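Visitor: Mind having a look at this structure? Questions to follow.
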Amino acid sequence: MTLPEDYDASVVEAKWRRRWRELGVATTDLSRHRDKMVVLVMFPYPSGDRLHIGHWYNFAPADSWARFQRMRGRNVFEPMGYDAFGLPAENYAIQHGVHPAESTRANVAYIRGQLEAIGTLYDWSRELNTSDPEYYRWTQWLFLALRRRGLAYRARAPVNWCPACGTVLANEQVEEGRCERCESEVTKKDLEQWFFRITDYAERLLAGLDTLEGRWPAKTLLAQRHWIGRSEGAEVDFQLVGRPERLSIFTTRPDTLYGVTYMVLAPEHPLVETITEPARRGEVGRYAEAARGMRDIDREALGREKTGVFTGAWALNPLNGERVPVWVADYVLAGYGTGAIMAVPGHDPRDHDFAAGHGLPVRRVIEPADGSRAPEGQAYSDPSGRMVGSGPFDGLAGDEARGRVVRELERRGVGRGRVHYRLRDWLISRQRYWGAPIPVVHCGRCGVVDVPEEGLPVLLPERVDFQAPRGERSPLITAQEWVRTACPACGGEARREVDTMDTFVDSSWYFLRYLSAGRSDLPFDREVVDRWLPVDMYIGGPEHATKHLIYARFITMVLKDLGWVGFEEPFARLFHQGLITRDGDKMSKSRGNVVSPDAFVGRYGSDVFRMYMMFMGSFADGGDWNDQGITGIDRFVARTWRLYRRALDSPASTAEGASGVVEARRALHASVQAVTRDLEGFAFNTAIARLMELVGVLGRTLDAGPVDASFLDDALDRLNRLLAPFAPHLAEELWEARGGEGLVVDAPWPDYDAELARAPEVEVAIQVTGKVRARIRVPADADEETLKEMALAHERIRELVGERPIRKLVVVPGRLVNIVV
RNA sequence: GCCGGGGUGGCGGAAUGGCAGACGCGGCGGAUUCAAAAUCCGCAGUCCGCAAGGGCGUGGGGGUUCGAGUCCCCCCCUCGGCACCA
């Protein structure tokens with residue numbers, strides 16, 4: 001069979017996508033789980049921006065890797081879906097009057113086409129959409145399951161509020177005091193909200209990270225460890241003077257207890273009102289009020305002078321009985337520990353700062369363990385220091401000192417060892433429309449009542465007023481008929497919860513649903529899930545290190561405890577792709593330098609587009625897009641096409657007169673070896689470089705004269721398979737033209753002969769004292785002795801070395817000889 | 001401020017402690033062509049030199065080593081994470 005003169009990507013790619021679809025190539029039989037491999041990418045949010053280059057850079061290389069695994073005999077499952085709930089669709093509705101369901105439907109339809117154009121092997125029979133009632137009924141089911149476990153609760157708390165989005169946000173969604181979505185400054189509000197008790201799982205989330213060591217990126221493990229923020233210390237009770245209450249504080253430095261010179265309550269601390277002396281109520285009240293209303297970004301601004309006021313109350317140090325004043329200051333956070341601290345200005349820089357500004361005394365009770373002197377005028381906070389001025393504890397240092405103090409506190413019943421985490425409970429309610437309704441009702445008589453499972457899904461009402469001013473309420477409040485309902489418990493009048501769930505709840509379990517997509521009796525089938533999961537390879541951006549990736553781990557652990565899954569880490573391996581820049585700049589709409597995938601795919605075809613992205617740089621680091629650069633790949637494809645066309649058009653000769661085959665065969669086997677190794681490690685860029693070299697060698701071999709027919713056939717066959725993960729459409733077309741059996745996507749990955757891959761002769765550098773002075777060609781297996789002799793016999797080397805004595809001679813066979821004089 | 005990643009030709013980027021710059025873009029020269037496009041071949045870190053050859057070169061400074069882009073210490077720049085968490 002002969003090939004047309006030129007490769008027409010648009011025709012060929014459409015043809016093979018149609019063929020793959022007709023043959024059901026991408027449909028995975030989940031009942032056959034031998035050698036299973038789930039290759040998952042983070043599903044996209046279907047916005048009006050459609051799939052951008054970042055999505056392509058996530059999906060296309062991931063698919064190439066999955067195709068490689070498939071050819072190596074793995075039973076690969078590549079699912080795809082849409083994280084379709086969320087704010088942008090709703091904001092679009094507010095601005096343009098298009099219902100979110102409508103705009104989402106349109107976006108999904110368009111994006112589906114883009115996804116198909118990539119040429120991925122997604123199993124569309126298991127496509128899912130989180131805004132589909134058949135999906136979100138199970139998100140609601142999950143909420144109820146957490147409720148029954150006591151892991152979902154409603155509480156009034158100071159929460160993050162984004163005024164522009166008109167909703168509360170989880171801690172994880174606030175970045176530098178700003179909303180991660182719209183970058184507005186976030187304020188604190190005291191509101192009653194729904195939380196998931198993720199802090200109950202802090203220790204397990206931390207412990208699980210150890211099992212992922214080496215299988216997840218180290219920086220992501222580190223980010224999660226920091227985010228969870230375990231710290232060991234003690235809770236210490238200070239008796240208030242003239243009052244029955246005790247003031248409990250958390251400290252990681254019980255060894256500094258003799259250095260306490262004052263106490264501080266967070267402005268939101270419940271004791272502030274009770275303990276403040278009447279004469280100071282006005283001042284303290286005003287201060288607490290002001291602090292509470294401050295934006296986080298201001299309150300947490302670094303370098304800001306620490307403010308605070310004295311409450312007039314005093315507390316007793318449980319170890320030395322000393323009276324210390326109790327202050328209120330906003331540098332103490334309400335949400336951490338007990339919301340109160342003991343202040344040790346001698347050994348804590350923050351307390352030192354505050355004490356200096358408010359005339360409070362500084363006392364030294366820790367000194368350097370090595371006998372040196374701590375610098376004056378600043379806090380000495382080295383935890384290895386030795387206790388001084390601390391009565392019976394003097395001389396103790398570090399962990400031992402802290403342990404002894406804690407034991408003494410416990411003995412006296414005024415303190416105990418404690419561990420606190422930086423992690424906060426996950427705030428999951430949102431005052432927005434386009435999300436899964438929280439399935440509870442509020443009944444005047446029964447309180448908060450769960451909607452029974454038979455009542456799921458609680459459907460989102462279609463008719464709501466997005467424009468109505470709503471204060472702190474969700475737009476669902478405007479769907480009055482929907483809000484009014486009967487209490488599932490008593491049958492009386494009740495009102496539906498109008499808040500919806502954070503979309504991160506939707507995405508915290510989607511990977512489970514893929515395995516049972518379409519099941520209406522279950523969220524997922526444990527038997528199937530346990531056979532196919534954990535996900536073998538999860539590929540997505542690093543921006544979810546402390547959001548989605550923590551939430552999904554938490555939910556999986558909860559589901560394990562509930563007996564719904566048999567594992568507790570959902571993602572066995574994780575890989576973060578890098579970022580694509582353009583001519584050195586980050587791509588952004590405001591810069592106007594965004595690469596439109598559709599335009600380039602239209603011009604060059606998706607194989608070329610995909611390969612260029614993979615060629616630009618290493619997958620983990622990303623790369624720099626250059627409009628010219630893609631021509632290199634375009635030429636490579638054209639060259640490859642020509643190679644096959646030439647080889648097929650002019651049948652090669654037999655061995656008689658065949659030339660250059662030895663070197664070509666070596667290149668062939670070396671290429672298979674290198675490409676295989678590179679693909680295993682996601683080194684797509686160097687793998688493609690190898691393919692380019694191989695195509696070059698084979699082309700020149702053809703130029704040189706008739707080539708042995710069986711070798712040529714073998715070379716074209718192996719190269720064809722090597723190309724398949726990178727340029728799947730092109731590879732199918734070549735496979736068909738060569739009369740290959742079935743499809744190349746189903747063909748086994750080629751093997752190689754390591755012996756044949758080795759070069760018979762290598763160039764060895766001869767150095768004189770570390771500088772390369774000559775190169776010699778030697779048999780690859782030349783031993784040390786031979787190399788030594790050849791090096792010393794080399795004319796130029798003899799000149800350079802001359803009469804000088806040789807101090808040392810280093811021989812690295814196959815590499816170099818270094819003569820040190 | 002703390003923690004982590006990274007600084008390599010004009011550009012994107014390669015290099016288990018062993019010949020720095022694979023592969024590609026752009027550039028230059030040649031072949032082909034009436035000419036151009038396309039294609040193929042060649043040159044190309046930088047400085048000195050007609051050349052042979054040599055000096056200098058992986059952000060800067062020091063060190064370990066026969067040998068350092070790679071390992072160690074200090075510094076600069078840059079990107080990312082965290083940021084009053086007691």
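If you're wondering about the labels, chains in the structure tokens are A, B, ... by order shown, residues count from 1 in each chain, ligands from 1 in order shown.
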Within 12 Å of stretch 367-381 of chain A, counting only C-alpha atoms (C1' of nucleotides), which residues qualify if same-chain residues fewer than 6 places away don't, as JSON, numbers by chain?
Guide: {"A": [252, 253, 255, 256, 259, 343, 344, 345, 346, 347, 348, 349, 350, 351, 352, 353, 354, 355, 356, 387, 388, 389, 390, 394, 395, 396, 397, 398, 401], "B": [86]}
Visitor: Should the cut-off be 9 Å, what would the residue list for chain B against chain A look like, counting only C-alpha atoms (C1' of nucleotides), as a ChimeraX atom specification?
Guide: /B:3-5,11-14,18-19,22-26,66-67,81-86
Visitor: Could you state the separation of atom CA of A:Arg156 and atom CA of A:Asp190 in Å, given to one decimal place?
Guide: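 Interatomic distance here is 6.4 Å.
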Visitor: Just asking: which residues within stretch 85-305 of chain A are strand (DSSP E) according to DSSP, as an MDAnalysis selection string?
Guide: chainID A and resid 128:129 152:162 167:169 174:175 178:179 187:196 230:240 246:251 262:265
Visitor: Would you kindly return, as a count of residues only, each protein, DNA or RNA residue with an atom no farther than 10 Å from any atom of A:Tyr201, considering only C-alpha atoms (C1' of nucleotides) and excluding same-chain residues fewer than 2 positions away?
Guide: 16
Visitor: Given only C-alpha atoms as the basis, pick out the residue of A:Val498, A:Leu460, A:Ala329, A:Leu722 nearest to A:Arg677.
Guide: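 The shortest atom-to-atom distance to A:Arg677 comes from A:Leu722.
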Visitor: Residues within 10 Å of stretch 267-276 of chain A, please, as JSON, numbers by chain. Count only C-alpha atoms (C1' of nucleotides); anything in the same chain fewer than 2 positions from it doesn't count.
Guide: {"A": [157, 158, 190, 240, 241, 242, 243, 245, 246, 247, 264, 265, 278, 279, 280, 281, 282, 283, 284, 285, 287, 288, 289, 290, 291, 292, 308, 309, 310, 311, 312, 313, 314, 326, 327, 328, 329, 330, 331, 332, 333, 334, 335, 338, 339, 340]}
Visitor: Name all residues at most 12 Å from B:G63 (count only C-alpha atoms (C1' of nucleotides); drop same-chain ones fewer than 2 positions away) and give them as an MDAnalysis selection string.
Guide: chainID B and resid 61 65 68 71:74
Visitor: List the spatial neighbours of B:C47 as a list in words - criterion: any atom at most 12 Å away, only C-alpha atoms (C1' of nucleotides), same-chain residues fewer than 2 positions off excluded.
Guide: G45, G49, G54, G55, C56 and G57 of chain B
Visitor: Between atom CA of A:Ser590 and atom CA of A:Pro46, what distance in Å does the model show, to one decimal?
Guide: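 Between these atoms lies a distance of 20.6 Å.
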Visitor: Go ahead and compute the interatomic distance for atom CA of A:Leu257 and atom CA of A:Pro318, in Å to one decimal.
Guide: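 Separation of atom CA of A:Leu257 and atom CA of A:Pro318: 8.8 Å.
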Visitor: Give the helix (DSSP H, G or I) residues of stretch 418-541 of chain A, as DSSP finds them on the backbone, and put them as a ChimeraX atom specification.
Guide: /A:453-455,475-478,480-483,503-506,510-516,526-532
Visitor: What's the 9 Å shell around A:Arg147, counting only C-alpha atoms (C1' of nucleotides), without same-chain residues fewer than 6 positions away, as a list of chain:residue names?
Guide: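 The residues that qualify are A:Tyr153, A:Phe196, A:Asp450.
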Visitor: Save the residues we just selected, N, CA, C and O atoms, as a compact mmCIF listing (two decimals), in the first residue's frame?
Guide:
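Below is the file out-v8.txt, written as the result:
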# COMPACT_ATOMS: atom_id res chain seq x y z
N TYR A 153 -21.35 19.02 61.30
CA TYR A 153 -22.05 19.73 62.36
C TYR A 153 -22.26 21.19 61.98
O TYR A 153 -21.61 21.71 61.07
N PHE A 196 -17.31 20.12 58.32
CA PHE A 196 -16.93 18.71 58.40
C PHE A 196 -15.76 18.63 59.38
O PHE A 196 -14.83 19.43 59.29
N ASP A 450 -32.49 15.75 59.31
CA ASP A 450 -31.95 15.26 58.05
C ASP A 450 -33.07 14.83 57.11
O ASP A 450 -34.05 14.23 57.55
